[in-house]
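Heads up: the structure comes next, in C-alpha coordinates.
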Amino acid sequence: MKVQVRYFASLREALGPQETVDLPAGSTLGQLRDALLARGGRHAQALARGRAVRCALNQAMGDETLAIPEGAEVAFFPPVTGG
Amino acid sequence: MARVTVQAADFDLSAEVAALREGDGGVGAVVGFIGTVRDRNGGQAGDVRAMELEHYPGMTERAIEAMIDQAFARFDIRGARVIHRVGQLQPRDQIVLVAVSSAHRGQAFMACEFLMDYLKTQAPFWKKETTPDGARWVDARVADDTAAARWGIPAGNA
(Lines give C-alpha, C1' and ligand atoms only; values in the text may rest on other atoms or scores of the structure.)
Protein backbone atom coordinates (compact mmCIF):
# COMPACT_ATOMS: atom_id res chain seq x y z
CA MET A 1 0.00 0.00 0.00
CA LYS A 2 1.07 3.57 -0.56
CA VAL A 3 1.46 5.86 2.42
CA GLN A 4 2.00 9.58 2.31
CA VAL A 5 4.72 10.57 4.78
CA ARG A 6 5.20 14.16 5.87
CA TYR A 7 8.08 15.67 7.84
CA PHE A 8 8.22 18.83 9.93
CA ALA A 9 10.82 21.10 11.51
CA SER A 10 14.34 19.57 11.67
CA LEU A 11 13.12 16.38 9.96
CA ARG A 12 11.68 18.44 7.08
CA GLU A 13 15.03 20.17 6.68
CA ALA A 14 16.81 16.79 6.57
CA LEU A 15 14.34 14.77 4.45
CA GLY A 16 12.12 17.23 2.58
CA PRO A 17 8.47 18.05 3.23
CA GLN A 18 6.95 14.76 2.10
CA GLU A 19 7.34 11.52 0.19
CA THR A 20 5.27 8.50 -0.74
CA VAL A 21 6.36 5.14 0.67
CA ASP A 22 5.27 1.68 -0.49
CA LEU A 23 4.63 -0.66 2.46
CA PRO A 24 3.10 -4.12 3.06
CA ALA A 25 -0.60 -3.79 4.00
CA GLY A 26 -1.16 -3.72 7.75
CA SER A 27 2.23 -2.23 8.57
CA THR A 28 2.56 -0.23 11.79
CA LEU A 29 4.08 3.21 12.28
CA GLY A 30 7.11 1.49 13.82
CA GLN A 31 7.53 -0.72 10.76
CA LEU A 32 7.31 2.33 8.53
CA ARG A 33 10.06 3.97 10.56
CA ASP A 34 12.14 0.76 10.26
CA ALA A 35 11.65 0.76 6.47
CA LEU A 36 12.83 4.37 6.27
CA LEU A 37 15.81 3.64 8.55
CA ALA A 38 16.80 0.73 6.30
CA ARG A 39 17.37 3.17 3.45
CA GLY A 40 20.43 4.43 5.32
CA GLY A 41 21.90 7.87 4.65
CA ARG A 42 19.89 10.90 5.68
CA HIS A 43 16.90 8.78 6.71
CA ALA A 44 18.98 6.59 9.03
CA GLN A 45 20.44 9.68 10.63
CA ALA A 46 17.28 11.79 10.99
CA LEU A 47 15.03 8.96 12.21
CA ALA A 48 17.64 7.07 14.28
CA ARG A 49 16.18 5.13 17.21
CA GLY A 50 18.18 7.13 19.73
CA ARG A 51 16.58 10.39 18.61
CA ALA A 52 13.36 11.89 19.92
CA VAL A 53 10.97 11.45 17.01
CA ARG A 54 7.20 11.78 17.40
CA CYS A 55 4.62 10.57 14.90
CA ALA A 56 1.07 11.27 13.86
CA LEU A 57 -1.41 9.11 11.98
CA ASN A 58 -4.09 10.93 10.02
CA GLN A 59 -3.27 14.13 11.88
CA ALA A 60 -3.56 12.71 15.40
CA MET A 61 -0.63 11.94 17.70
CA GLY A 62 0.12 8.23 17.64
CA ASP A 63 2.61 5.67 18.89
CA GLU A 64 4.57 3.21 16.80
CA THR A 65 2.28 0.26 17.54
CA LEU A 66 -0.56 1.78 15.49
CA ALA A 67 -1.42 0.01 12.23
CA ILE A 68 -1.53 2.27 9.19
CA PRO A 69 -4.75 2.11 7.18
CA GLU A 70 -4.77 2.28 3.37
CA GLY A 71 -4.43 5.83 2.08
CA ALA A 72 -3.29 7.20 5.44
CA GLU A 73 -1.27 10.33 6.05
CA VAL A 74 1.64 9.78 8.43
CA ALA A 75 3.93 12.45 9.84
CA PHE A 76 7.25 12.33 11.68
CA PHE A 77 8.52 15.32 13.64
CA PRO A 78 10.58 16.29 16.68
CA PRO A 79 8.98 16.99 20.11
CA VAL A 80 6.67 19.98 19.82
CA THR A 81 7.78 23.40 21.10
CA GLY A 82 4.88 25.79 20.58
CA GLY A 83 3.21 28.21 22.96
CA MET B 1 -16.83 33.08 16.32
CA ALA B 2 -14.03 30.63 15.58
CA ARG B 3 -12.49 29.08 18.67
CA VAL B 4 -9.09 28.41 17.08
CA THR B 5 -7.02 30.50 14.69
CA VAL B 6 -3.48 29.87 13.48
CA GLN B 7 -2.24 33.00 11.74
CA ALA B 8 0.83 35.04 10.81
CA ALA B 9 -0.80 38.32 11.87
CA ASP B 10 -0.71 39.81 15.37
CA PHE B 11 -3.81 39.79 17.58
CA ASP B 12 -5.52 42.21 19.95
CA LEU B 13 -6.36 40.95 23.44
CA SER B 14 -9.09 43.54 24.05
CA ALA B 15 -10.89 42.73 20.84
CA GLU B 16 -10.72 38.99 21.53
CA VAL B 17 -12.01 39.35 25.10
CA ALA B 18 -14.83 41.61 23.90
CA ALA B 19 -15.82 39.00 21.32
CA LEU B 20 -15.70 36.24 23.93
CA ARG B 21 -18.04 38.17 26.25
CA GLU B 22 -20.37 39.46 23.58
CA GLY B 23 -23.99 38.46 24.10
CA ASP B 24 -23.29 36.34 27.19
CA GLY B 25 -24.56 37.98 30.37
CA GLY B 26 -23.60 34.87 32.35
CA VAL B 27 -19.90 35.65 32.07
CA GLY B 28 -18.46 36.88 35.35
CA ALA B 29 -14.79 36.18 34.67
CA VAL B 30 -12.41 36.17 31.74
CA VAL B 31 -8.85 34.89 32.11
CA GLY B 32 -6.41 35.67 29.34
CA PHE B 33 -2.87 34.39 28.82
CA ILE B 34 -0.43 35.81 26.27
CA GLY B 35 2.88 34.15 25.46
CA THR B 36 5.59 36.39 23.99
CA VAL B 37 8.96 35.93 22.29
CA ARG B 38 11.89 36.31 24.68
CA ASP B 39 15.17 37.86 23.53
CA ARG B 40 17.15 35.12 25.29
CA ASN B 41 16.96 31.38 25.92
CA GLY B 42 19.44 30.44 28.63
CA GLY B 43 22.05 32.84 27.19
CA GLN B 44 22.60 36.59 27.16
CA ALA B 45 19.86 39.20 26.76
CA GLY B 46 19.59 39.94 23.05
CA ASP B 47 20.95 36.55 21.95
CA VAL B 48 17.70 35.62 20.25
CA ARG B 49 17.43 37.89 17.22
CA ALA B 50 14.40 36.31 15.58
CA MET B 51 12.08 33.35 15.89
CA GLU B 52 10.40 31.26 13.23
CA LEU B 53 7.34 29.17 14.05
CA GLU B 54 6.33 26.18 11.96
CA HIS B 55 3.13 24.16 12.32
CA TYR B 56 1.31 21.20 10.80
CA PRO B 57 -1.62 22.78 8.94
CA GLY B 58 -4.80 20.89 9.67
CA MET B 59 -3.48 18.79 12.54
CA THR B 60 -2.60 21.85 14.62
CA GLU B 61 -6.12 23.26 14.41
CA ARG B 62 -7.67 19.84 15.11
CA ALA B 63 -5.42 19.27 18.12
CA ILE B 64 -6.36 22.63 19.65
CA GLU B 65 -10.08 22.11 18.95
CA ALA B 66 -9.82 18.76 20.75
CA MET B 67 -8.13 20.36 23.75
CA ILE B 68 -10.85 23.02 23.96
CA ASP B 69 -13.47 20.22 23.91
CA GLN B 70 -11.54 18.67 26.82
CA ALA B 71 -11.54 21.98 28.68
CA PHE B 72 -15.33 22.26 28.30
CA ALA B 73 -15.71 18.68 29.59
CA ARG B 74 -13.46 19.24 32.62
CA PHE B 75 -14.33 22.77 33.69
CA ASP B 76 -17.45 24.88 34.04
CA ILE B 77 -16.55 27.44 31.41
CA ARG B 78 -18.66 29.46 28.96
CA GLY B 79 -16.23 30.22 26.13
CA ALA B 80 -12.65 29.73 24.96
CA ARG B 81 -10.48 31.33 22.33
CA VAL B 82 -7.00 30.30 21.16
CA ILE B 83 -4.85 32.19 18.66
CA HIS B 84 -1.35 30.99 17.79
CA ARG B 85 0.96 32.84 15.43
CA VAL B 86 3.27 31.20 12.90
CA GLY B 87 5.97 32.46 10.55
CA GLN B 88 8.64 35.04 11.31
CA LEU B 89 8.47 36.72 14.72
CA GLN B 90 10.70 39.16 16.56
CA PRO B 91 11.64 39.35 20.26
CA ARG B 92 8.76 40.83 22.30
CA ASP B 93 6.18 39.85 19.69
CA GLN B 94 3.05 38.12 20.91
CA ILE B 95 3.00 34.40 20.03
CA VAL B 96 -0.07 32.86 21.62
CA LEU B 97 -3.36 33.90 23.19
CA VAL B 98 -5.55 31.70 25.35
CA ALA B 99 -8.69 33.33 26.76
CA VAL B 100 -11.40 31.58 28.74
CA SER B 101 -14.70 32.90 30.08
CA SER B 102 -16.73 31.48 32.97
CA ALA B 103 -19.26 32.51 35.59
CA HIS B 104 -16.65 32.71 38.38
CA ARG B 105 -12.89 33.09 38.21
CA GLY B 106 -11.72 29.72 39.53
CA GLN B 107 -12.82 27.64 36.58
CA ALA B 108 -11.48 30.14 34.04
CA PHE B 109 -8.06 30.27 35.72
CA MET B 110 -7.81 26.49 35.75
CA ALA B 111 -9.08 26.01 32.20
CA CYS B 112 -6.65 28.63 30.88
CA GLU B 113 -3.70 26.91 32.52
CA PHE B 114 -4.92 23.50 31.37
CA LEU B 115 -5.16 24.73 27.77
CA MET B 116 -1.66 26.19 27.82
CA ASP B 117 -0.14 23.08 29.41
CA TYR B 118 -1.92 20.93 26.86
CA LEU B 119 -0.89 23.15 23.94
CA LYS B 120 2.78 23.15 24.98
CA THR B 121 3.04 19.37 24.78
CA GLN B 122 0.40 18.25 22.25
CA ALA B 123 -0.07 20.91 19.57
CA PRO B 124 2.27 20.52 16.58
CA PHE B 125 4.26 23.76 16.55
CA TRP B 126 8.03 24.06 16.35
CA LYS B 127 10.21 27.08 17.20
CA LYS B 128 13.48 27.93 15.52
CA GLU B 129 15.63 30.70 17.00
CA THR B 130 18.19 32.84 15.21
CA THR B 131 21.15 33.62 17.49
CA PRO B 132 24.66 35.05 16.91
CA ASP B 133 25.80 31.40 16.47
CA GLY B 134 23.23 30.72 13.77
CA ALA B 135 19.73 29.26 13.71
CA ARG B 136 18.74 26.38 15.99
CA TRP B 137 15.58 24.42 16.72
CA VAL B 138 14.36 24.92 20.27
CA ASP B 139 14.44 21.81 22.50
CA ALA B 140 11.27 20.63 24.22
CA ARG B 141 11.31 21.17 28.00
CA VAL B 142 10.73 18.41 30.53
CA ALA B 143 9.10 21.06 32.75
CA ASP B 144 6.31 21.36 30.17
CA ASP B 145 5.69 17.59 30.35
CA THR B 146 5.57 17.83 34.14
CA ALA B 147 3.03 20.65 33.93
CA ALA B 148 0.85 18.65 31.53
CA ALA B 149 1.07 15.55 33.75
CA ARG B 150 -0.72 17.44 36.54
CA TRP B 151 -3.87 17.26 34.43
CA GLY B 152 -3.42 13.59 33.62
CA ILE B 153 -2.38 14.43 30.06
CA PRO B 154 -0.06 11.69 28.82
CA ALA B 155 2.91 13.80 27.85
CA GLY B 156 6.14 12.11 26.88
CA ASN B 157 6.90 14.98 24.55
CA ALA B 158 10.34 16.20 25.63
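As shown in the C-alpha coordinates, the chain order sets the letters A, B, ...; within each chain, residues go from 1, and ligands are also counted from 1 in the order they appear.
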
Practice item. Just the strand (DSSP E) stuff from stretch 34-140 of chain B, please, per backbone DSSP, written as a PyMOL selection string. Key: chain B and resi 34-36+50-55+77-85+87-89+94-102+125-131+134-137

Go through chain B and flag each residue having an atom no more than 8 Å from chain A; for those, report the closest pair of atoms plus their distance in Å to one decimal, using only C-alpha atoms, ordered by chain and rising number, as JSON lines.
```
{"residue": "B:Gly35", "atom": "CA", "partner": "A:Gly83", "partner_atom": "CA", "distance": 6.4}
{"residue": "B:Leu53", "atom": "CA", "partner": "A:Gly82", "partner_atom": "CA", "distance": 7.8}
{"residue": "B:Glu54", "atom": "CA", "partner": "A:Ala9", "partner_atom": "CA", "distance": 6.8}
{"residue": "B:His55", "atom": "CA", "partner": "A:Phe8", "partner_atom": "CA", "distance": 7.8}
{"residue": "B:Tyr56", "atom": "CA", "partner": "A:Phe8", "partner_atom": "CA", "distance": 7.4}
{"residue": "B:Gly58", "atom": "CA", "partner": "A:Gln59", "partner_atom": "CA", "distance": 7.3}
{"residue": "B:Met59", "atom": "CA", "partner": "A:Gln59", "partner_atom": "CA", "distance": 4.7}
{"residue": "B:Arg62", "atom": "CA", "partner": "A:Gln59", "partner_atom": "CA", "distance": 7.9}
{"residue": "B:Ala63", "atom": "CA", "partner": "A:Ala60", "partner_atom": "CA", "distance": 7.3}
{"residue": "B:His84", "atom": "CA", "partner": "A:Gly83", "partner_atom": "CA", "distance": 7.4}
{"residue": "B:Ile95", "atom": "CA", "partner": "A:Gly83", "partner_atom": "CA", "distance": 6.9}
{"residue": "B:Val96", "atom": "CA", "partner": "A:Gly83", "partner_atom": "CA", "distance": 5.8}
{"residue": "B:Met116", "atom": "CA", "partner": "A:Gly83", "partner_atom": "CA", "distance": 7.2}
{"residue": "B:Leu119", "atom": "CA", "partner": "A:Gly83", "partner_atom": "CA", "distance": 6.6}
{"residue": "B:Lys120", "atom": "CA", "partner": "A:Gly83", "partner_atom": "CA", "distance": 5.5}
{"residue": "B:Thr121", "atom": "CA", "partner": "A:Val80", "partner_atom": "CA", "distance": 6.2}
{"residue": "B:Gln122", "atom": "CA", "partner": "A:Val80", "partner_atom": "CA", "distance": 6.9}
{"residue": "B:Ala123", "atom": "CA", "partner": "A:Val80", "partner_atom": "CA", "distance": 6.8}
{"residue": "B:Pro124", "atom": "CA", "partner": "A:Val80", "partner_atom": "CA", "distance": 5.5}
{"residue": "B:Phe125", "atom": "CA", "partner": "A:Gly82", "partner_atom": "CA", "distance": 4.6}
{"residue": "B:Trp126", "atom": "CA", "partner": "A:Thr81", "partner_atom": "CA", "distance": 4.8}
{"residue": "B:Lys127", "atom": "CA", "partner": "A:Thr81", "partner_atom": "CA", "distance": 5.9}
{"residue": "B:Trp137", "atom": "CA", "partner": "A:Ser10", "partner_atom": "CA", "distance": 7.1}
{"residue": "B:Val138", "atom": "CA", "partner": "A:Thr81", "partner_atom": "CA", "distance": 6.8}
{"residue": "B:Asp139", "atom": "CA", "partner": "A:Thr81", "partner_atom": "CA", "distance": 7.0}
{"residue": "B:Ala140", "atom": "CA", "partner": "A:Thr81", "partner_atom": "CA", "distance": 5.4}
{"residue": "B:Asn157", "atom": "CA", "partner": "A:Pro79", "partner_atom": "CA", "distance": 5.3}
{"residue": "B:Ala158", "atom": "CA", "partner": "A:Pro79", "partner_atom": "CA", "distance": 5.7}
```

Practice item. Considering only C-alpha atoms, return as a list in words whatever protein or nucleic-acid residues lie within 12 Å of B:Ala45, sequence-local ones (same chain, fewer than 5 positions apart) excluded. Key: Arg38, Asp39, Arg40, Pro91, Thr131 and Pro132 of chain B

Check your understanding: Residues at most 12 Å from A:Gln45, counting only C-alpha atoms, excluding those fewer than 6 positions away in the same chain, as a list in words?
Key -> Ser10, Leu11, Ala14, Leu15, Arg33, Leu36, Leu37, Ala38, Arg39, Arg51, Ala52 and Val53 of chain A

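Going from atom CA of B:Gln90 over to atom CA of B:Ala15, you cover 22.3 Å.
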
Practice item. Please provide the set of residues having any atom within 10 Å of B:Trp151, restricted to only C-alpha atoms, with same-chain residues fewer than 6 positions apart removed, written as a list in words. Key: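 Residues meeting the cut-off are Arg74, Glu113, Phe114, Asp117 and Tyr118 of chain B.
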
Review point. Chain A: which residues are alpha helix (DSSP H) by DSSP, as a ChimeraX atom specification?
Key: /A:10-15,29-37,41-46

Check your understanding: For A:His43, which residue among A:Glu64, A:Val3, A:Glu19, A:Glu70 is the nearest when counting only C-alpha atoms?
Key ->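 Ranking A:Glu64, A:Val3, A:Glu19, A:Glu70 by distance to A:His43, first place goes to A:Glu19.
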
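Note that atom CA of B:Leu20 and atom CA of B:Glu65 are 16.0 Å apart.
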
Check your understanding: Got a sec: who's within 12 Å of B:Val98, counting only C-alpha atoms, leaving out chain neighbours fewer than 4 positions off, as a ChimeraX atom specification?
Key -> /A:83 /B:3-5,11-13,16-17,20,30-35,64,67-68,71,79-85,94,108-120

Check your understanding: Between B:Arg78, B:Arg141, B:Arg92, B:Lys128, which is the closest to B:Glu22 once you count only C-alpha atoms?
Key ->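 For B:Glu22, the nearest of the candidates is B:Arg78.
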
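The space separating atom CA of B:Val142 from atom CA of B:Gly46 comes to 24.5 Å.
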
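Residues surrounding B:Asp76 within 7 Å are Phe72, Ser102 and Gln107 of chain B [only C-alpha atoms; sequence separation below 4 positions excluded].
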
Practice item. Have a look at A:Cys55, A:Ile68, A:Val74, A:Val5 and name the one nearest to A:Pro17; count only C-alpha atoms. Key: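 Using only C-alpha atoms, the shortest distance to A:Pro17 belongs to A:Val5.
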